[in-house]
Amino acid sequence: FFDYANLKRPILFYMYDLEEYKDEVRDFYFDIEKLPGPIYRTEEEVYKGLVDIENVSEEYQEKYEAFAKEFCDIDDGNASKRFVDVVFKNEQA
């Protein structure tokens, strides 16, 4: 979902096994409270979130922006150009 966050579109998280994963398998790499979207545990909740996607998007807008700022700040669509400039033109990044 990190790459999808660049699109600045709503993200819904379907975590039907959240407790099992967290308690028995392993923990998470970062605080899931900072996820840029709601966590749903049932298919019915996901369906309702999709039906109400405009309100979900509005409700989580600040989290989307904070997540993108923290994890997608250098994804500006110019990565290939920077790579070519550095590798083939010997320019500074």
# chains A, B, ... in the order shown; residues from 1 in each chain; ligands from 1
$ residues_around --residues "region 70-87 of chain A" --least-positions-apart "6" --cutoff "8 Å" --atoms "only C-alpha atoms" --output "JSON list (two decimals) with C-alpha atoms, in the first residue's frame"
[["chain", "number", "residue", "atom", "x", "y", "z"],
["A", 2, "PHE", "CA", 3.01, 2.31, 0.29],
["A", 3, "ASP", "CA", 3.18, 2.77, -3.49],
["A", 5, "ALA", "CA", -0.41, 6.02, -1.18],
["A", 6, "ASN", "CA", 1.25, 8.14, -3.88],
["A", 93, "ALA", "CA", 21.46, 14.08, -6.97]]
$ select_by_dssp --residues "region 12-93 of chain A" --states "alpha helix (DSSP H)" --output "PyMOL selection string"
chain A and resi 18-20+43-51+53-59+61-71+79-89
$ select_by_dssp --residues "chain A" --states "strand (DSSP E or B)" --output "PyMOL selection string"
chain A and resi 13-14+39-40
$ write_last_selection --atoms "C-alpha atoms" --output "short mmCIF file (atom, residue, chain, number, x, y, z; two decimals), in the first residue's frame"
data_model
loop_
_atom_site.label_atom_id
_atom_site.label_comp_id
_atom_site.auth_asym_id
_atom_site.auth_seq_id
_atom_site.Cartn_x
_atom_site.Cartn_y
_atom_site.Cartn_z
CA PHE A 13 -7.43 -2.16 5.26
CA TYR A 14 -9.05 -5.58 5.53
CA ILE A 39 -9.13 -1.09 9.51
CA TYR A 40 -11.98 -3.47 8.79
#
$ closest_residue --among "A:Val51, A:Ile11, A:Glu58, A:Tyr64" --to "Pro38 (chain A)" --atoms "only C-alpha atoms"
A:Ile11
$ closest_residue --among "A:Phe88, A:Tyr16, A:Tyr21, A:Phe30" --to "Phe67 (chain A)" --atoms "only C-alpha atoms"
A:Phe30
$ atom_distance --atom1 "CA of Lys8 (chain A)" --atom2 "CA of Lys22 (chain A)"
27.3 Å
